[in-house]
>>> print(open('target.txt').read())   # compact mmCIF, N, CA and C atoms
# COMPACT_ATOMS: atom_id res chain seq x y z
N MET S 747 6.40 24.81 -1.54
CA MET S 747 7.79 25.20 -1.39
C MET S 747 8.48 25.03 -2.73
N SER S 748 8.64 26.09 -3.45
CA SER S 748 9.26 26.07 -4.77
C SER S 748 10.71 26.51 -4.65
N LEU S 749 11.63 25.65 -5.06
CA LEU S 749 13.03 25.95 -4.83
C LEU S 749 13.87 26.13 -6.08
N PHE S 750 13.35 25.76 -7.23
CA PHE S 750 14.21 25.64 -8.40
C PHE S 750 13.81 26.53 -9.56
N CYS S 751 14.80 27.00 -10.25
CA CYS S 751 14.67 27.60 -11.58
C CYS S 751 13.78 28.82 -11.64
N SER S 752 13.70 29.58 -10.60
CA SER S 752 12.99 30.84 -10.74
C SER S 752 13.92 31.80 -11.44
N ILE S 753 13.43 32.42 -12.47
CA ILE S 753 14.24 33.34 -13.26
C ILE S 753 13.79 34.75 -12.94
N SER S 754 14.71 35.59 -12.53
CA SER S 754 14.36 36.96 -12.21
C SER S 754 14.06 37.73 -13.48
N VAL S 755 12.88 38.32 -13.53
CA VAL S 755 12.48 39.11 -14.69
C VAL S 755 11.95 40.44 -14.17
N GLY S 756 12.80 41.47 -14.21
CA GLY S 756 12.37 42.79 -13.78
C GLY S 756 11.80 42.83 -12.38
N GLY S 757 12.44 42.12 -11.47
CA GLY S 757 11.99 42.13 -10.08
C GLY S 757 10.97 41.05 -9.77
N ALA S 758 10.37 40.44 -10.79
CA ALA S 758 9.43 39.35 -10.56
C ALA S 758 10.14 38.04 -10.86
N PHE S 759 9.54 36.95 -10.45
CA PHE S 759 10.13 35.64 -10.73
C PHE S 759 9.21 34.87 -11.65
N ALA S 760 9.79 34.33 -12.71
CA ALA S 760 9.02 33.56 -13.68
C ALA S 760 9.41 32.09 -13.56
N GLU S 761 8.42 31.22 -13.62
CA GLU S 761 8.69 29.79 -13.54
C GLU S 761 8.77 29.23 -14.95
N THR S 762 9.69 28.28 -15.13
CA THR S 762 9.86 27.62 -16.42
C THR S 762 9.08 26.31 -16.42
N PRO S 763 8.84 25.72 -17.60
CA PRO S 763 8.19 24.41 -17.62
C PRO S 763 8.96 23.37 -16.80
N LEU S 764 10.30 23.40 -16.85
CA LEU S 764 11.08 22.44 -16.07
C LEU S 764 10.91 22.69 -14.57
N SER S 765 11.01 23.92 -14.14
CA SER S 765 10.87 24.20 -12.70
C SER S 765 9.47 23.86 -12.22
N SER S 766 8.46 24.15 -13.04
CA SER S 766 7.09 23.83 -12.67
C SER S 766 6.93 22.32 -12.48
N ALA S 767 7.49 21.54 -13.40
CA ALA S 767 7.36 20.08 -13.33
C ALA S 767 8.07 19.51 -12.10
N VAL S 768 9.31 19.91 -11.86
CA VAL S 768 10.03 19.34 -10.71
C VAL S 768 9.42 19.80 -9.39
N ASN S 769 9.00 21.07 -9.34
CA ASN S 769 8.44 21.60 -8.10
C ASN S 769 7.09 20.98 -7.77
N GLU S 770 6.32 20.61 -8.78
CA GLU S 770 5.00 20.02 -8.53
C GLU S 770 5.12 18.73 -7.72
N GLY S 771 6.19 17.98 -7.93
CA GLY S 771 6.36 16.72 -7.21
C GLY S 771 7.07 16.86 -5.87
N LEU S 772 7.62 18.03 -5.58
CA LEU S 772 8.38 18.23 -4.35
C LEU S 772 7.54 17.89 -3.12
N GLY S 773 8.08 17.06 -2.23
CA GLY S 773 7.39 16.69 -1.01
C GLY S 773 6.55 15.43 -1.14
N THR S 774 6.40 14.90 -2.35
CA THR S 774 5.65 13.66 -2.55
C THR S 774 6.39 12.53 -1.83
N PRO S 775 5.68 11.66 -1.10
CA PRO S 775 6.36 10.58 -0.38
C PRO S 775 7.01 9.56 -1.31
N TYR S 776 7.99 8.84 -0.78
CA TYR S 776 8.62 7.75 -1.52
C TYR S 776 7.67 6.56 -1.52
N LYS S 777 7.56 5.92 -2.67
CA LYS S 777 6.79 4.67 -2.78
C LYS S 777 7.50 3.79 -3.79
N TYR S 778 7.86 2.59 -3.39
CA TYR S 778 8.51 1.65 -4.29
C TYR S 778 7.64 1.46 -5.52
N ALA S 779 8.24 1.60 -6.71
CA ALA S 779 7.58 1.47 -8.01
C ALA S 779 6.54 2.56 -8.27
N GLY S 780 6.53 3.61 -7.42
CA GLY S 780 5.55 4.68 -7.56
C GLY S 780 5.82 5.58 -8.75
N THR S 781 4.73 5.99 -9.39
CA THR S 781 4.84 6.83 -10.60
C THR S 781 3.85 7.99 -10.59
N THR S 782 3.24 8.27 -9.43
CA THR S 782 2.22 9.33 -9.35
C THR S 782 2.48 10.22 -8.13
N LEU S 783 1.71 11.30 -8.03
CA LEU S 783 1.83 12.21 -6.90
C LEU S 783 1.43 11.56 -5.57
N LYS S 784 0.91 10.34 -5.62
CA LYS S 784 0.64 9.60 -4.38
C LYS S 784 1.92 9.00 -3.82
N GLY S 785 2.94 8.87 -4.67
CA GLY S 785 4.23 8.33 -4.25
C GLY S 785 5.09 8.00 -5.46
N PHE S 786 6.39 8.31 -5.32
CA PHE S 786 7.35 8.06 -6.40
C PHE S 786 8.55 7.27 -5.89
N ASP S 787 9.07 6.37 -6.72
CA ASP S 787 10.44 5.92 -6.51
C ASP S 787 11.30 6.85 -7.37
N CYS S 788 12.61 6.69 -7.35
CA CYS S 788 13.48 7.67 -8.02
C CYS S 788 13.21 7.75 -9.52
N SER S 789 13.17 6.61 -10.20
CA SER S 789 12.98 6.65 -11.66
C SER S 789 11.53 6.94 -12.02
N GLY S 790 10.61 6.62 -11.13
CA GLY S 790 9.21 6.99 -11.36
C GLY S 790 9.05 8.51 -11.36
N TYR S 791 9.77 9.18 -10.45
CA TYR S 791 9.72 10.64 -10.39
C TYR S 791 10.35 11.26 -11.64
N THR S 792 11.53 10.80 -12.02
CA THR S 792 12.18 11.39 -13.20
C THR S 792 11.36 11.12 -14.46
N SER S 793 10.80 9.92 -14.59
CA SER S 793 9.94 9.60 -15.74
C SER S 793 8.72 10.51 -15.76
N TRP S 794 8.11 10.74 -14.61
CA TRP S 794 6.92 11.58 -14.49
C TRP S 794 7.23 13.02 -14.90
N VAL S 795 8.35 13.56 -14.41
CA VAL S 795 8.74 14.93 -14.76
C VAL S 795 8.95 15.05 -16.27
N PHE S 796 9.71 14.12 -16.84
CA PHE S 796 10.00 14.22 -18.27
C PHE S 796 8.76 13.97 -19.12
N LYS S 797 7.83 13.13 -18.64
CA LYS S 797 6.58 12.93 -19.38
C LYS S 797 5.82 14.25 -19.46
N LYS S 798 5.84 15.05 -18.39
CA LYS S 798 5.19 16.36 -18.39
C LYS S 798 5.83 17.29 -19.43
N LEU S 799 7.08 17.01 -19.77
CA LEU S 799 7.81 17.82 -20.76
C LEU S 799 7.75 17.20 -22.16
N GLY S 800 6.98 16.10 -22.29
CA GLY S 800 6.81 15.47 -23.59
C GLY S 800 7.89 14.47 -23.97
N ILE S 801 8.62 13.97 -22.98
CA ILE S 801 9.72 13.04 -23.23
C ILE S 801 9.47 11.76 -22.45
N SER S 802 9.54 10.63 -23.14
CA SER S 802 9.32 9.33 -22.51
C SER S 802 10.65 8.73 -22.05
N LEU S 803 10.69 8.29 -20.80
CA LEU S 803 11.88 7.62 -20.24
C LEU S 803 11.47 6.27 -19.67
N PRO S 804 12.38 5.30 -19.68
CA PRO S 804 12.09 4.01 -19.03
C PRO S 804 11.89 4.20 -17.52
N HIS S 805 11.21 3.25 -16.88
CA HIS S 805 11.00 3.35 -15.45
C HIS S 805 12.02 2.51 -14.67
N THR S 806 13.29 2.66 -15.00
CA THR S 806 14.38 2.12 -14.17
C THR S 806 15.54 3.09 -14.28
N SER S 807 16.30 3.22 -13.22
CA SER S 807 17.46 4.12 -13.27
C SER S 807 18.49 3.60 -14.27
N LYS S 808 18.69 2.29 -14.32
CA LYS S 808 19.65 1.73 -15.29
C LYS S 808 19.19 1.98 -16.72
N GLY S 809 17.90 1.85 -16.99
CA GLY S 809 17.37 2.12 -18.32
C GLY S 809 17.52 3.59 -18.69
N GLN S 810 17.27 4.47 -17.75
CA GLN S 810 17.41 5.90 -18.01
C GLN S 810 18.87 6.26 -18.27
N ALA S 811 19.80 5.53 -17.68
CA ALA S 811 21.23 5.80 -17.86
C ALA S 811 21.70 5.46 -19.27
N GLU S 812 20.85 4.82 -20.05
CA GLU S 812 21.18 4.49 -21.44
C GLU S 812 20.58 5.50 -22.41
N GLU S 813 19.81 6.45 -21.90
CA GLU S 813 19.16 7.44 -22.74
C GLU S 813 20.08 8.64 -22.96
N GLY S 814 19.84 9.38 -24.03
CA GLY S 814 20.56 10.62 -24.27
C GLY S 814 22.05 10.45 -24.46
N GLU S 815 22.79 11.48 -24.08
CA GLU S 815 24.24 11.50 -24.25
C GLU S 815 24.93 11.70 -22.91
N TRP S 816 26.11 11.09 -22.78
CA TRP S 816 26.92 11.27 -21.59
C TRP S 816 27.30 12.74 -21.46
N VAL S 817 27.32 13.24 -20.22
CA VAL S 817 27.76 14.61 -19.97
C VAL S 817 28.68 14.61 -18.75
N ASP S 818 29.76 15.36 -18.84
CA ASP S 818 30.71 15.47 -17.75
C ASP S 818 30.07 16.19 -16.56
N LYS S 819 30.40 15.77 -15.37
CA LYS S 819 29.84 16.37 -14.15
C LYS S 819 30.11 17.88 -14.10
N ASP S 820 31.22 18.33 -14.66
CA ASP S 820 31.56 19.75 -14.67
C ASP S 820 30.74 20.54 -15.69
N ASN S 821 30.02 19.86 -16.57
CA ASN S 821 29.24 20.54 -17.61
C ASN S 821 27.74 20.33 -17.47
N LEU S 822 27.28 19.96 -16.29
CA LEU S 822 25.86 19.72 -16.07
C LEU S 822 25.05 21.00 -16.28
N ARG S 823 23.84 20.83 -16.82
CA ARG S 823 22.90 21.94 -16.93
C ARG S 823 21.54 21.44 -16.44
N PRO S 824 20.65 22.35 -16.05
CA PRO S 824 19.33 21.91 -15.58
C PRO S 824 18.66 20.96 -16.58
N GLY S 825 18.08 19.91 -16.04
CA GLY S 825 17.41 18.90 -16.85
C GLY S 825 18.25 17.66 -17.10
N ASP S 826 19.55 17.72 -16.83
CA ASP S 826 20.39 16.53 -16.99
C ASP S 826 20.04 15.52 -15.89
N LEU S 827 20.10 14.25 -16.24
CA LEU S 827 19.88 13.19 -15.26
C LEU S 827 21.21 12.84 -14.61
N VAL S 828 21.21 12.69 -13.29
CA VAL S 828 22.41 12.31 -12.55
C VAL S 828 22.16 10.96 -11.89
N PHE S 829 23.18 10.10 -11.93
CA PHE S 829 23.03 8.70 -11.51
C PHE S 829 24.01 8.35 -10.40
N PHE S 830 23.55 7.46 -9.53
CA PHE S 830 24.31 7.09 -8.34
C PHE S 830 24.24 5.59 -8.11
N ASP S 831 25.27 5.07 -7.44
CA ASP S 831 25.28 3.69 -6.97
C ASP S 831 24.99 3.73 -5.47
N THR S 832 23.74 3.50 -5.12
CA THR S 832 23.34 3.53 -3.70
C THR S 832 23.14 2.13 -3.15
N SER S 833 23.56 1.11 -3.90
CA SER S 833 23.36 -0.26 -3.44
C SER S 833 24.68 -1.00 -3.24
N GLY S 834 25.71 -0.27 -2.86
CA GLY S 834 26.95 -0.90 -2.45
C GLY S 834 27.76 -1.56 -3.54
N GLY S 835 27.90 -0.93 -4.67
CA GLY S 835 28.76 -1.47 -5.72
C GLY S 835 28.04 -2.26 -6.78
N ALA S 836 26.72 -2.27 -6.75
CA ALA S 836 25.95 -3.05 -7.72
C ALA S 836 25.70 -2.27 -9.02
N GLY S 837 26.23 -1.07 -9.13
CA GLY S 837 26.02 -0.26 -10.32
C GLY S 837 24.94 0.78 -10.10
N ILE S 838 24.48 1.38 -11.16
CA ILE S 838 23.49 2.45 -11.06
C ILE S 838 22.21 1.93 -10.40
N SER S 839 21.79 2.64 -9.35
CA SER S 839 20.60 2.24 -8.62
C SER S 839 19.75 3.43 -8.19
N HIS S 840 20.17 4.65 -8.55
CA HIS S 840 19.42 5.85 -8.15
C HIS S 840 19.61 6.93 -9.21
N VAL S 841 18.55 7.73 -9.43
CA VAL S 841 18.61 8.80 -10.43
C VAL S 841 17.91 10.04 -9.89
N GLY S 842 18.40 11.18 -10.33
CA GLY S 842 17.78 12.46 -10.00
C GLY S 842 17.90 13.40 -11.18
N ILE S 843 17.29 14.57 -11.04
CA ILE S 843 17.31 15.58 -12.10
C ILE S 843 18.11 16.78 -11.60
N TYR S 844 19.21 17.07 -12.30
CA TYR S 844 20.03 18.21 -11.95
C TYR S 844 19.25 19.49 -12.25
N VAL S 845 19.31 20.46 -11.31
CA VAL S 845 18.54 21.69 -11.48
C VAL S 845 19.42 22.95 -11.46
N GLY S 846 20.73 22.78 -11.41
CA GLY S 846 21.62 23.93 -11.36
C GLY S 846 22.08 24.21 -9.95
N ASP S 847 23.08 25.06 -9.81
CA ASP S 847 23.61 25.46 -8.52
C ASP S 847 24.06 24.27 -7.67
N GLY S 848 24.52 23.20 -8.34
CA GLY S 848 25.03 22.04 -7.62
C GLY S 848 23.97 21.19 -6.96
N LYS S 849 22.68 21.33 -7.34
CA LYS S 849 21.58 20.62 -6.68
C LYS S 849 20.83 19.71 -7.65
N PHE S 850 20.21 18.68 -7.09
CA PHE S 850 19.36 17.80 -7.89
C PHE S 850 18.11 17.43 -7.11
N TYR S 851 17.02 17.21 -7.84
CA TYR S 851 15.75 16.74 -7.27
C TYR S 851 15.71 15.23 -7.46
N HIS S 852 15.21 14.53 -6.46
CA HIS S 852 15.11 13.07 -6.56
C HIS S 852 14.14 12.57 -5.50
N SER S 853 13.71 11.34 -5.65
CA SER S 853 12.86 10.71 -4.64
C SER S 853 13.73 9.77 -3.81
N ALA S 854 13.99 10.20 -2.58
CA ALA S 854 14.83 9.44 -1.65
C ALA S 854 13.96 8.55 -0.78
N THR S 855 14.42 7.35 -0.50
CA THR S 855 13.60 6.41 0.27
C THR S 855 13.22 6.96 1.64
N ASN S 856 14.08 7.77 2.24
CA ASN S 856 13.79 8.27 3.59
C ASN S 856 13.13 9.65 3.62
N LYS S 857 13.02 10.33 2.46
CA LYS S 857 12.48 11.69 2.45
C LYS S 857 11.41 11.93 1.39
N GLY S 858 11.27 11.04 0.43
CA GLY S 858 10.41 11.33 -0.71
C GLY S 858 11.10 12.31 -1.63
N VAL S 859 10.33 13.03 -2.44
CA VAL S 859 10.93 13.96 -3.39
C VAL S 859 11.50 15.15 -2.65
N THR S 860 12.79 15.34 -2.84
CA THR S 860 13.54 16.35 -2.11
C THR S 860 14.63 16.94 -3.00
N VAL S 861 15.29 17.96 -2.50
CA VAL S 861 16.41 18.59 -3.20
C VAL S 861 17.67 18.34 -2.38
N THR S 862 18.73 17.90 -3.06
CA THR S 862 19.99 17.57 -2.39
C THR S 862 21.14 18.17 -3.20
N ARG S 863 22.20 18.53 -2.51
CA ARG S 863 23.40 19.02 -3.19
C ARG S 863 24.20 17.83 -3.70
N LEU S 864 24.77 17.95 -4.90
CA LEU S 864 25.66 16.90 -5.40
C LEU S 864 26.86 16.73 -4.49
N SER S 865 27.21 17.76 -3.76
CA SER S 865 28.35 17.70 -2.84
C SER S 865 28.00 17.07 -1.50
N ASP S 866 26.72 16.71 -1.29
CA ASP S 866 26.33 15.99 -0.08
C ASP S 866 27.22 14.75 0.05
N SER S 867 27.78 14.52 1.23
CA SER S 867 28.79 13.46 1.37
C SER S 867 28.26 12.09 0.93
N TYR S 868 27.01 11.78 1.20
CA TYR S 868 26.46 10.48 0.80
C TYR S 868 26.44 10.35 -0.73
N TYR S 869 25.90 11.34 -1.41
CA TYR S 869 25.76 11.26 -2.86
C TYR S 869 27.06 11.53 -3.60
N GLU S 870 27.91 12.38 -3.08
CA GLU S 870 29.17 12.68 -3.75
C GLU S 870 30.01 11.41 -3.93
N LYS S 871 30.04 10.55 -2.91
CA LYS S 871 30.81 9.30 -2.98
C LYS S 871 30.18 8.28 -3.92
N ARG S 872 28.89 8.43 -4.17
CA ARG S 872 28.16 7.42 -4.93
C ARG S 872 27.81 7.85 -6.36
N TYR S 873 28.24 9.05 -6.74
CA TYR S 873 27.98 9.55 -8.09
C TYR S 873 28.63 8.63 -9.11
N VAL S 874 27.87 8.29 -10.18
CA VAL S 874 28.39 7.41 -11.23
C VAL S 874 28.55 8.16 -12.55
N THR S 875 27.49 8.81 -13.02
CA THR S 875 27.52 9.44 -14.33
C THR S 875 26.34 10.39 -14.48
N ALA S 876 26.28 11.05 -15.62
CA ALA S 876 25.14 11.91 -15.96
C ALA S 876 24.82 11.74 -17.44
N ARG S 877 23.55 11.97 -17.77
CA ARG S 877 23.10 11.86 -19.16
C ARG S 877 22.27 13.10 -19.50
N ARG S 878 22.45 13.58 -20.69
CA ARG S 878 21.68 14.72 -21.20
C ARG S 878 20.63 14.16 -22.15
N VAL S 879 19.37 14.23 -21.74
CA VAL S 879 18.29 13.69 -22.56
C VAL S 879 17.55 14.80 -23.31
N LEU S 880 17.79 16.04 -22.94
CA LEU S 880 17.17 17.17 -23.63
C LEU S 880 18.10 17.70 -24.72
N SER S 881 17.61 17.78 -25.94
CA SER S 881 18.39 18.43 -27.00
C SER S 881 18.49 19.91 -26.66
N ASP S 882 19.33 20.64 -27.36
CA ASP S 882 19.44 22.08 -27.11
C ASP S 882 18.10 22.78 -27.34
N ALA S 883 17.39 22.37 -28.38
CA ALA S 883 16.08 22.99 -28.67
C ALA S 883 15.09 22.68 -27.54
N GLN S 884 15.05 21.41 -27.08
CA GLN S 884 14.15 21.05 -25.98
C GLN S 884 14.55 21.79 -24.70
N TYR S 885 15.85 21.90 -24.46
CA TYR S 885 16.34 22.62 -23.28
C TYR S 885 15.86 24.07 -23.31
N ASN S 886 15.99 24.72 -24.46
CA ASN S 886 15.55 26.11 -24.56
C ASN S 886 14.05 26.24 -24.31
N GLN S 887 13.26 25.26 -24.75
CA GLN S 887 11.82 25.28 -24.52
C GLN S 887 11.49 25.13 -23.04
N VAL S 888 12.15 24.19 -22.35
CA VAL S 888 11.78 23.93 -20.95
C VAL S 888 12.38 24.95 -19.99
N MET S 889 13.30 25.77 -20.49
CA MET S 889 13.91 26.80 -19.65
C MET S 889 13.37 28.19 -19.96
N THR S 890 12.36 28.27 -20.82
CA THR S 890 11.72 29.54 -21.16
C THR S 890 10.53 29.74 -20.22
N ASP S 891 10.28 30.98 -19.86
CA ASP S 891 9.18 31.29 -18.93
C ASP S 891 7.91 30.56 -19.33
N ALA S 892 7.28 29.93 -18.35
CA ALA S 892 5.98 29.31 -18.58
C ALA S 892 4.95 30.43 -18.70
N LYS S 893 4.07 30.32 -19.65
CA LYS S 893 3.06 31.37 -19.86
C LYS S 893 1.74 30.97 -19.25
>>> encode(input="target.txt", output="structure tokens")
Amino acid sequence: MSLFCSISVGGAFAETPLSSAVNEGLGTPYKYAGTTLKGFDCSGYTSWVFKKLGISLPHTSKGQAEEGEWVDKDNLRPGDLVFFDTSGGAGISHVGIYVGDGKFYHSATNKGVTVTRLSDSYYEKRYVTARRVLSDAQYNQVMTDAK
């Protein structure tokens, strides 16, 4: 089930390196401290996706929130990391990858790797910040048709 970043090219759909990476993990079960297709926690999934793109990220949501540059929620682009406080006011405790159209991929404890809208009532209330870890050049590479 591929849901993200298909680019229409003359009636056909082309997958990008970013869409290929996020879609490969879709449906993987949640596993605390998981970093493989056998199971991911949230930061394990985001680290795994970015490693496939040649970028190393820490394996904690708080650590990932210190990477890259801050980006306003209104200026998100595919590949930006989005962060949430899902632990009742304890600060950043969850991370996902924004994919465009108001959606993000993440590993949820009750669903595993899934796609959710930022406007989902649970996540909308818990949104904290976003970080852009892809430079413009890296962004252009990961958003170009995979060959």
>>> axis_aligned_box(input="target.txt", around="region 771-785 of chain S", padding_each_side="3 Å", output="lines of an AutoDock Vina configuration file")
center_x = 4.6
center_y = 9.8
center_z = -5.5
size_x = 14.0
size_y = 22.8
size_z = 16.2
>>> residues_around(input="target.txt", residues="region 875-883 of chain S", least_positions_apart="6", cutoff="6.5 Å", atoms="only N, CA and C atoms", output="list in words")
Ala811, Glu813, Gly814, Glu815, Trp816, Val817, Asp818, Lys819, Gly825, Asp826, Leu827, Val828, Phe829 and Phe830 of chain S
>>> closest_residue(input="target.txt", among="S:Pro804, S:Gly848, S:Gly834, S:Gly785", to="Leu864 (chain S)", atoms="only C-alpha atoms")
S:Gly848
>>> closest_residue(input="target.txt", among="S:Asp891, S:Asp787, S:Glu761, S:Glu770", to="Asn856 (chain S)", atoms="only C-alpha atoms")
S:Asp787
>>> select_by_dssp(input="target.txt", residues="region 749-889 of chain S", states="strand (DSSP E)", output="JSON, numbers by chain")
{"S": [753, 754, 755, 758, 759, 760, 781, 782, 785, 786, 815, 816, 827, 828, 829, 830, 840, 841, 842, 843, 844, 845, 846, 849, 850, 851, 852, 853, 854, 858, 859, 860, 861, 862, 863, 873, 874, 875, 876, 877, 878]}
